[in-house]
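What follows is one structure encoded as structure tokens, with my remarks underneath.
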There are 2 protein chains.
Amino acid sequence: MAVYTDVSDAELSAFLDRYDMGALLSCKGIAEGVENSNYFVHTEGGNFILTLYEKRVSADDLPFFIGLMDHLASRGLNCPRPVRDRAGEALGTLNGRPAALVTFLDGVWIKQPSAEHCGALGRAMAELHRAGADFPLRRPNGLSVDSWPALFAAAGPGADGVAPGLSALVREELAVLADRWPRGLPEGVVHADLFPDNVFFLGDRLSGLIDFYFACTDALSYDLAVCLNAWCFAPDGAFDPARGRALLDGYRAVRPLSAAEVEALPVLARGAALRFMLTRLVDWLNVPPGALVRPKDPKEYLAKLRFHRTVSSAEAYGFA
Amino acid sequence: MAVYTDVSDAELSAFLDRYDMGALLSCKGIAEGVENSNYFVHTEGGNFILTLYEKRVSADDLPFFIGLMDHLASRGLNCPRPVRDRAGEALGTLNGRPAALVTFLDGVWIKQPSAEHCGALGRAMAELHRAGADFPLRRPNGLSVDSWPALFAAAGPGADGVAPGLSALVREELAVLADRWPRGLPEGVVHADLFPDNVFFLGDRLSGLIDFYFACTDALSYDLAVCLNAWCFAPDGAFDPARGRALLDGYRAVRPLSAAEVEALPVLARGAALRFMLTRLVDWLNVPPGALVRPKDPKEYLAKLRFHRTVSSAEAYGFA
């Protein structure tokens, strides 16, 4: 949940006046998303999402994100499409921050995903990878293996207070993953944050993907690793191979996986678990005073990391 | 800002299935309102607001609030209209809490109201008072003069830490207001919380009133007193007589004020300032751990209270 920026009437009107979207009918802060401030905007021209990019999103990356959504939407992917103002610009300024309007996507996110949902996710992810294949811009993954030592340092000395022995375990993982991290896998545009709240469904039909603000150029199978973690564990913490299988089968129905990609899944999933454990740890140990955001518990991802340490082949994820 | 309750997919679907409103297309938590959890719900049947009533709203009061919105909407007032399910019920249960769907009202609230906005507010308030005249239910104002000593006690001992001398000033006000509080003024349904965020505009036209969860039966002119405080002070803390005059003139254009009502305005405004100062003081000194709500500063209303202590007649508010 995040609405960081109070938008003044005059500034909002001046911002919207640049667009051909009719009179403003409603504007309400949305209690979702943690990186940026999002508003539901209803005008005579339809429904939109207004996003103000807060300081955790680098302004230099915005042309990549905006351009990517434009590219994917033009390839037929259901994702928010940036709205251009009369001058053709999709990126503006509101209350001193970069801001953009995108089309509103119908759908609700699934809090308890089933194997069927995971199958639909796999297909949509592979379609995203295909649609992104000819996107010309590149953006390195700033939260991949090379960044993790600095991320752990940023968490500060409190790790063992979160879970006994956490520091030693992380140091071991940093060494193992630096050593074993796969290189040379097929690369392209990855979403890198396809958690359930970024995937919309209408009934059982996947209706769209949102929130491309971690998207980057990386191994395509890293997206699968993120989703094995985010979609395929039961509420009791156990990995659910039925959901894993559905995710992988759904993906392969659209884009086949090479033997090297399959073989890399355990170490990719282990790394993805460490990446989200570390960012959650940093947030958990550094809640700013007056924050209106409840940090997510890093221990959820610690448990997932411990699971992947026991995995030696992709069969454990349901791969057959 | 408040979204207190996480609604599960299954419970939301079961709740909405009771209504003839078509398939669910979108449901997003809204970062507005502090008493209840509000969701923007888009279905094939249109746009709605889903409200889950949290513990600060008494379930016994809900028939009054729901019945009042129904009554006012049927009298032509622009306010949310409760939606009835197939069994004719406007009040249901979701996630163990009372819950209701109401129609979505277009409009945006004005953060820097002008005299014109205050005039429109005055007219709408008087129309609300007229439309409520034949509403059959009664609900005493639980936050009026008799409740303020207990409210001050609930704030605890920290008052002087918020502002030096605050305890002594409040004790003096409690005595003065108990003595001078007007009795026998024309009564009826009052909104009692008509702050700018509860009044919507489309351009310069007032498009509707929302949030009737403090509505009660009280002196009609108490609503004016609440709005003199909430709408007619400049950002620098000075009372703006031009806005006060516009509010009172707008009101009188629809419903004339008696001499007793005009004469009572200074003490009503002083009491209304104390009421909001006290509830803010309680919230300020009792922020629950993990709260996602930023409490409002009681000192804003302390300054307004100090102003009203200097006022001896309604002329100070622009009344001519």
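Ordered as shown in the structure tokens, chains take letters A, B, and onward, while each chain numbers its residues from 1 and ligands are numbered from 1 in the order shown.
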
### Message
Which residues are near A:Gly318? Cut-off 9 Å, only C-alpha atoms, ignore same chain within fewer than 5 positions. Put them as a ChimeraX atom specification.
### Response
/A:240-246,248

Output all heavy atoms of each residue in that selection to a file, as an mmCIF file, in the first residue's frame.
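Below you can see result25.cif, which holds the result:
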```
data_model
loop_
_atom_site.group_PDB
_atom_site.id
_atom_site.type_symbol
_atom_site.label_atom_id
_atom_site.label_comp_id
_atom_site.auth_asym_id
_atom_site.auth_seq_id
_atom_site.Cartn_x
_atom_site.Cartn_y
_atom_site.Cartn_z
ATOM 1 N N ASP A 240 4.497 -26.680 -3.687
ATOM 2 C CA ASP A 240 3.405 -27.450 -4.294
ATOM 3 C C ASP A 240 3.812 -27.854 -5.714
ATOM 4 O O ASP A 240 3.713 -27.047 -6.646
ATOM 5 C CB ASP A 240 2.143 -26.572 -4.320
ATOM 6 C CG ASP A 240 0.964 -27.272 -4.990
ATOM 7 O OD1 ASP A 240 1.119 -28.435 -5.435
ATOM 8 O OD2 ASP A 240 -0.112 -26.652 -5.067
ATOM 9 N N PRO A 241 4.287 -29.095 -5.904
ATOM 10 C CA PRO A 241 4.770 -29.497 -7.244
ATOM 11 C C PRO A 241 3.692 -29.420 -8.314
ATOM 12 O O PRO A 241 4.014 -29.194 -9.488
ATOM 13 C CB PRO A 241 5.224 -30.949 -7.029
ATOM 14 C CG PRO A 241 5.376 -31.114 -5.551
ATOM 15 C CD PRO A 241 4.394 -30.181 -4.915
ATOM 16 N N ALA A 242 2.410 -29.567 -7.942
ATOM 17 C CA ALA A 242 1.345 -29.486 -8.952
ATOM 18 C C ALA A 242 1.311 -28.092 -9.570
ATOM 19 O O ALA A 242 1.137 -27.933 -10.786
ATOM 20 C CB ALA A 242 -0.011 -29.823 -8.314
ATOM 21 N N ARG A 243 1.497 -27.064 -8.724
ATOM 22 C CA ARG A 243 1.509 -25.704 -9.262
ATOM 23 C C ARG A 243 2.781 -25.448 -10.065
ATOM 24 O O ARG A 243 2.758 -24.790 -11.112
ATOM 25 C CB ARG A 243 1.382 -24.695 -8.114
ATOM 26 C CG ARG A 243 -0.049 -24.529 -7.667
ATOM 27 C CD ARG A 243 -0.197 -23.344 -6.742
ATOM 28 N NE ARG A 243 -0.353 -23.768 -5.357
ATOM 29 C CZ ARG A 243 -0.341 -22.952 -4.328
ATOM 30 N NH1 ARG A 243 -0.156 -21.659 -4.503
ATOM 31 N NH2 ARG A 243 -0.528 -23.406 -3.103
ATOM 32 N N GLY A 244 3.907 -25.977 -9.567
ATOM 33 C CA GLY A 244 5.167 -25.828 -10.297
ATOM 34 C C GLY A 244 5.066 -26.443 -11.687
ATOM 35 O O GLY A 244 5.464 -25.833 -12.691
ATOM 36 N N ARG A 245 4.508 -27.662 -11.745
ATOM 37 C CA ARG A 245 4.371 -28.350 -13.027
ATOM 38 C C ARG A 245 3.479 -27.543 -13.972
ATOM 39 O O ARG A 245 3.789 -27.358 -15.150
ATOM 40 C CB ARG A 245 3.793 -29.750 -12.826
ATOM 41 C CG ARG A 245 3.665 -30.563 -14.113
ATOM 42 C CD ARG A 245 3.125 -31.967 -13.835
ATOM 43 N NE ARG A 245 3.902 -32.622 -12.796
ATOM 44 C CZ ARG A 245 3.412 -33.061 -11.629
ATOM 45 N NH1 ARG A 245 2.135 -32.943 -11.356
ATOM 46 N NH2 ARG A 245 4.202 -33.619 -10.733
ATOM 47 N N ALA A 246 2.373 -27.040 -13.446
ATOM 48 C CA ALA A 246 1.445 -26.265 -14.281
ATOM 49 C C ALA A 246 2.128 -25.013 -14.828
ATOM 50 O O ALA A 246 1.958 -24.655 -16.004
ATOM 51 C CB ALA A 246 0.204 -25.893 -13.468
ATOM 52 N N LEU A 248 5.409 -24.552 -15.343
ATOM 53 C CA LEU A 248 6.426 -24.915 -16.347
ATOM 54 C C LEU A 248 5.774 -25.438 -17.625
ATOM 55 O O LEU A 248 6.188 -25.079 -18.737
ATOM 56 C CB LEU A 248 7.381 -25.953 -15.748
ATOM 57 C CG LEU A 248 8.219 -25.438 -14.558
ATOM 58 C CD1 LEU A 248 8.896 -26.585 -13.816
ATOM 59 C CD2 LEU A 248 9.249 -24.407 -15.023
#
```

Selection: 7 Å around A:Asn78, only C-alpha atoms, excl. self and same-chain fewer than 6 positions, as a list in words: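 Listing them by chain and then by number gives Ser207, Gly208 and Leu209 of chain A.
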
_Show me, as a PyMOL selection string, the residues of chain B whose atoms get within 6 Å of chain A, using only C-alpha atoms for the distance check._
chain B and resi 25-26+29-31+106-108+292

When DSSP works through the backbone of this structure, what residues of stretch 92-307 of chain A end up as alpha helix (DSSP H), shown as a PyMOL selection string?
chain A and resi 115-131+148-155+159-162+166-180+220-231+241-254+259-285+298-307

Please save C-alpha atoms of the selected residues as an mmCIF file, in the first residue's frame.
```
data_model
loop_
_atom_site.group_PDB
_atom_site.id
_atom_site.type_symbol
_atom_site.label_atom_id
_atom_site.label_comp_id
_atom_site.auth_asym_id
_atom_site.auth_seq_id
_atom_site.Cartn_x
_atom_site.Cartn_y
_atom_site.Cartn_z
ATOM 1 C CA ALA A 115 -2.496 -24.949 -10.544
ATOM 2 C CA GLU A 116 -4.827 -23.643 -13.295
ATOM 3 C CA HIS A 117 -3.859 -20.054 -12.442
ATOM 4 C CA CYS A 118 -0.178 -21.066 -12.542
ATOM 5 C CA GLY A 119 -0.678 -22.632 -15.980
ATOM 6 C CA ALA A 120 -2.209 -19.417 -17.293
ATOM 7 C CA LEU A 121 0.648 -17.451 -15.729
ATOM 8 C CA GLY A 122 3.224 -19.659 -17.475
ATOM 9 C CA ARG A 123 1.618 -19.111 -20.872
ATOM 10 C CA ALA A 124 1.339 -15.338 -20.346
ATOM 11 C CA MET A 125 4.974 -15.121 -19.199
ATOM 12 C CA ALA A 126 6.191 -16.941 -22.306
ATOM 13 C CA GLU A 127 4.061 -14.614 -24.456
ATOM 14 C CA LEU A 128 5.645 -11.651 -22.683
ATOM 15 C CA HIS A 129 9.114 -13.069 -23.440
ATOM 16 C CA ARG A 130 8.196 -13.554 -27.099
ATOM 17 C CA ALA A 131 6.636 -10.101 -27.426
ATOM 18 C CA TRP A 148 23.471 -9.062 -3.499
ATOM 19 C CA PRO A 149 26.592 -8.524 -1.350
ATOM 20 C CA ALA A 150 25.927 -4.763 -1.274
ATOM 21 C CA LEU A 151 22.243 -5.407 -0.571
ATOM 22 C CA PHE A 152 23.161 -7.577 2.399
ATOM 23 C CA ALA A 153 25.511 -4.861 3.650
ATOM 24 C CA ALA A 154 22.669 -2.330 3.340
ATOM 25 C CA ALA A 155 20.485 -4.452 5.611
ATOM 26 C CA ALA A 159 19.967 -9.898 10.377
ATOM 27 C CA ASP A 160 20.506 -12.393 13.195
ATOM 28 C CA GLY A 161 17.824 -10.598 15.197
ATOM 29 C CA VAL A 162 15.342 -11.449 12.444
ATOM 30 C CA LEU A 166 20.751 -15.676 9.145
ATOM 31 C CA SER A 167 24.030 -13.791 8.592
ATOM 32 C CA ALA A 168 26.073 -16.964 8.259
ATOM 33 C CA LEU A 169 23.544 -18.506 5.913
ATOM 34 C CA VAL A 170 23.454 -15.429 3.684
ATOM 35 C CA ARG A 171 27.265 -15.279 3.533
ATOM 36 C CA GLU A 172 27.330 -18.911 2.471
ATOM 37 C CA GLU A 173 24.650 -18.312 -0.182
ATOM 38 C CA LEU A 174 26.475 -15.267 -1.556
ATOM 39 C CA ALA A 175 29.581 -17.404 -2.099
ATOM 40 C CA VAL A 176 27.755 -20.416 -3.540
ATOM 41 C CA LEU A 177 25.578 -18.347 -5.886
ATOM 42 C CA ALA A 178 28.478 -16.187 -7.113
ATOM 43 C CA ASP A 179 30.212 -19.440 -7.984
ATOM 44 C CA ARG A 180 27.304 -21.307 -9.564
ATOM 45 C CA LEU A 220 14.359 -15.508 -19.457
ATOM 46 C CA SER A 221 14.222 -18.484 -17.107
ATOM 47 C CA TYR A 222 14.889 -16.124 -14.146
ATOM 48 C CA ASP A 223 11.225 -15.028 -14.504
ATOM 49 C CA LEU A 224 10.220 -18.684 -13.992
ATOM 50 C CA ALA A 225 12.394 -18.841 -10.883
ATOM 51 C CA VAL A 226 10.736 -15.739 -9.417
ATOM 52 C CA CYS A 227 7.301 -17.280 -10.028
ATOM 53 C CA LEU A 228 8.202 -20.705 -8.612
ATOM 54 C CA ASN A 229 8.773 -18.781 -5.385
ATOM 55 C CA ALA A 230 5.868 -16.363 -5.575
ATOM 56 C CA TRP A 231 3.119 -18.687 -6.862
ATOM 57 C CA PRO A 241 4.770 -29.497 -7.244
ATOM 58 C CA ALA A 242 1.345 -29.486 -8.952
ATOM 59 C CA ARG A 243 1.509 -25.704 -9.262
ATOM 60 C CA GLY A 244 5.167 -25.828 -10.297
ATOM 61 C CA ARG A 245 4.371 -28.350 -13.027
ATOM 62 C CA ALA A 246 1.445 -26.265 -14.281
ATOM 63 C CA LEU A 247 3.634 -23.149 -14.423
ATOM 64 C CA LEU A 248 6.426 -24.915 -16.347
ATOM 65 C CA ASP A 249 4.042 -26.767 -18.671
ATOM 66 C CA GLY A 250 2.104 -23.572 -19.410
ATOM 67 C CA TYR A 251 5.350 -21.784 -20.252
ATOM 68 C CA ARG A 252 6.674 -24.593 -22.450
ATOM 69 C CA ALA A 253 3.424 -24.713 -24.412
ATOM 70 C CA VAL A 254 4.357 -21.261 -25.788
ATOM 71 C CA ALA A 259 18.162 -28.300 -21.394
ATOM 72 C CA ALA A 260 20.479 -25.650 -19.939
ATOM 73 C CA GLU A 261 17.504 -23.533 -18.837
ATOM 74 C CA VAL A 262 15.858 -26.479 -17.118
ATOM 75 C CA GLU A 263 19.100 -27.512 -15.445
ATOM 76 C CA ALA A 264 19.608 -23.965 -14.139
ATOM 77 C CA LEU A 265 16.208 -23.732 -12.437
ATOM 78 C CA PRO A 266 17.284 -24.854 -8.932
ATOM 79 C CA VAL A 267 20.103 -22.323 -8.683
ATOM 80 C CA LEU A 268 17.956 -19.584 -10.298
ATOM 81 C CA ALA A 269 15.124 -20.262 -7.838
ATOM 82 C CA ARG A 270 17.613 -20.257 -4.961
ATOM 83 C CA GLY A 271 19.007 -16.920 -6.135
ATOM 84 C CA ALA A 272 15.567 -15.437 -6.677
ATOM 85 C CA ALA A 273 14.614 -16.452 -3.133
ATOM 86 C CA LEU A 274 17.769 -14.788 -1.788
ATOM 87 C CA ARG A 275 17.074 -11.615 -3.820
ATOM 88 C CA PHE A 276 13.575 -11.150 -2.365
ATOM 89 C CA MET A 277 14.719 -12.201 1.113
ATOM 90 C CA LEU A 278 17.437 -9.530 0.993
ATOM 91 C CA THR A 279 15.257 -6.657 -0.240
ATOM 92 C CA ARG A 280 12.638 -7.557 2.365
ATOM 93 C CA LEU A 281 15.344 -7.724 5.018
ATOM 94 C CA VAL A 282 16.567 -4.235 4.097
ATOM 95 C CA ASP A 283 13.008 -2.868 4.270
ATOM 96 C CA TRP A 284 12.253 -4.764 7.502
ATOM 97 C CA LEU A 285 15.317 -3.397 9.280
ATOM 98 C CA PRO A 298 11.758 -11.663 5.075
ATOM 99 C CA LYS A 299 11.321 -15.004 6.891
ATOM 100 C CA GLU A 300 8.831 -16.155 4.230
ATOM 101 C CA TYR A 301 11.630 -16.016 1.673
ATOM 102 C CA LEU A 302 14.184 -17.454 4.073
ATOM 103 C CA ALA A 303 12.007 -20.589 4.266
ATOM 104 C CA LYS A 304 11.807 -20.733 0.452
ATOM 105 C CA LEU A 305 15.581 -20.326 0.205
ATOM 106 C CA ARG A 306 16.065 -23.205 2.649
ATOM 107 C CA PHE A 307 13.811 -25.366 0.453
#
```

Atom CA of A:Arg75 to atom CA of A:Phe135 measures 10.3 Å

message: If we count only C-alpha atoms and set the cut-off at 9 Å, which residues sit around A:Leu94, ignoring sequence neighbours fewer than 6 positions away in its own chain? Please answer as a list of chain:residue names.
response: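 Here the qualifying residues turn out to be A:Val7, A:Glu11, A:Leu12, A:Ala14, A:Phe15, A:Leu52, A:Ala100.
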
Limited to all heavy atoms, could you put the picked residues into a file as a CSV table (one decimal), in the first residue's frame?
```csv
chain,number,residue,atom,x,y,z
A,7,VAL,N,-1.3,15.2,-4.2
A,7,VAL,CA,-1.4,15.9,-5.4
A,7,VAL,C,-2.4,17.1,-5.2
A,7,VAL,O,-3.5,16.9,-4.8
A,7,VAL,CB,-1.9,15.0,-6.6
A,7,VAL,CG1,-2.0,15.8,-7.9
A,7,VAL,CG2,-0.9,13.8,-6.8
A,11,GLU,N,-2.3,21.4,-9.6
A,11,GLU,CA,-1.3,20.7,-10.4
A,11,GLU,C,-1.9,19.5,-11.1
A,11,GLU,O,-1.5,19.2,-12.3
A,11,GLU,CB,-0.2,20.2,-9.4
A,11,GLU,CG,0.6,21.4,-8.9
A,11,GLU,CD,2.0,21.0,-8.3
A,11,GLU,OE1,2.9,20.8,-9.1
A,11,GLU,OE2,2.1,20.8,-7.1
A,12,LEU,N,-2.9,18.8,-10.5
A,12,LEU,CA,-3.5,17.7,-11.2
A,12,LEU,C,-4.2,18.2,-12.5
A,12,LEU,O,-4.1,17.6,-13.5
A,12,LEU,CB,-4.4,17.0,-10.3
A,12,LEU,CG,-5.2,15.8,-10.9
A,12,LEU,CD1,-4.2,14.7,-11.4
A,12,LEU,CD2,-6.2,15.2,-9.9
A,14,ALA,N,-3.7,20.9,-14.2
A,14,ALA,CA,-2.7,21.3,-15.2
A,14,ALA,C,-2.1,20.1,-15.9
A,14,ALA,O,-1.9,20.1,-17.2
A,14,ALA,CB,-1.6,22.2,-14.6
A,15,PHE,N,-1.8,19.1,-15.2
A,15,PHE,CA,-1.2,17.9,-15.8
A,15,PHE,C,-2.2,17.2,-16.7
A,15,PHE,O,-1.8,16.9,-17.9
A,15,PHE,CB,-0.9,16.9,-14.6
A,15,PHE,CG,-0.2,15.6,-15.1
A,15,PHE,CD1,1.1,15.5,-15.4
A,15,PHE,CD2,-1.0,14.5,-15.3
A,15,PHE,CE1,1.7,14.4,-15.8
A,15,PHE,CE2,-0.4,13.3,-15.7
A,15,PHE,CZ,0.9,13.2,-16.0
A,52,LEU,N,2.8,8.3,-10.0
A,52,LEU,CA,3.9,9.2,-9.7
A,52,LEU,C,5.0,8.4,-9.2
A,52,LEU,O,4.9,7.6,-8.3
A,52,LEU,CB,3.4,10.2,-8.5
A,52,LEU,CG,2.8,11.5,-9.0
A,52,LEU,CD1,1.5,11.2,-9.6
A,52,LEU,CD2,2.7,12.5,-7.8
A,100,ALA,N,3.2,9.4,-15.1
A,100,ALA,CA,2.6,8.9,-16.4
A,100,ALA,C,1.2,8.4,-16.2
A,100,ALA,O,0.8,8.0,-15.1
A,100,ALA,CB,3.5,7.8,-16.9
```

- Task: Report as a list of chain:residue names: the residues of stretch 122-267 of chain B with a DSSP assignment of strand (DSSP E or B), based on the backbone of this structure.
- Result: B:Pro140, B:Glu187, B:Gly188, B:Val189, B:Val190, B:Val199, B:Phe200, B:Phe201, B:Leu202, B:Arg205, B:Leu206, B:Ser207, B:Gly208, B:Leu209, B:Cys216, B:Thr217, B:Asp218, B:Ala219, B:Phe233, B:Phe239

Quick one: residues within 9 Å of B:Phe64, only C-alpha atoms, excluding same-chain residues fewer than 5 positions away - as a list of chain:residue names?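 Contacts, in chain order: B:Met69, B:Leu137, B:Arg138, B:Arg139, B:Ala215, B:Cys216.
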
Written file, previous selection with C-alpha atoms, as a PDB file, in the first residue's frame:
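The resulting file, again-v9.pdb, is shown below:
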```pdb
ATOM      1  CA  MET B  69     -28.503   7.467   2.429  1.00  0.00           C
ATOM      2  CA  LEU B 137     -35.033   7.382  12.499  1.00  0.00           C
ATOM      3  CA  ARG B 138     -33.193   9.253  15.230  1.00  0.00           C
ATOM      4  CA  ARG B 139     -29.596   8.914  16.380  1.00  0.00           C
ATOM      5  CA  ALA B 215     -24.628  11.616  10.732  1.00  0.00           C
ATOM      6  CA  CYS B 216     -27.001  12.052  13.660  1.00  0.00           C
TER       7      CYS B 216
END
```

Å distance separating atom CA of A:Ser74 from atom CA of A:Leu101, one decimal place: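 Separating atom CA of A:Ser74 from atom CA of A:Leu101 is a distance of 16.6 Å.
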
Separation of atom CA of B:Phe212 from atom CA of B:Asn36, in Å and rounded to one decimal =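 According to the coordinates, atom CA of B:Phe212 and atom CA of B:Asn36 are separated by 11.8 Å.
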
Item to complete: Go through B:Ser58, B:Asn198, B:Asn95, B:Ser144 one by one, measure the shortest atom-to-atom distance of each to B:Ala219 using only C-alpha atoms, and give the residue with the smallest value.
Response: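 Using only C-alpha atoms, B:Ala219 sits closest to B:Ser144.
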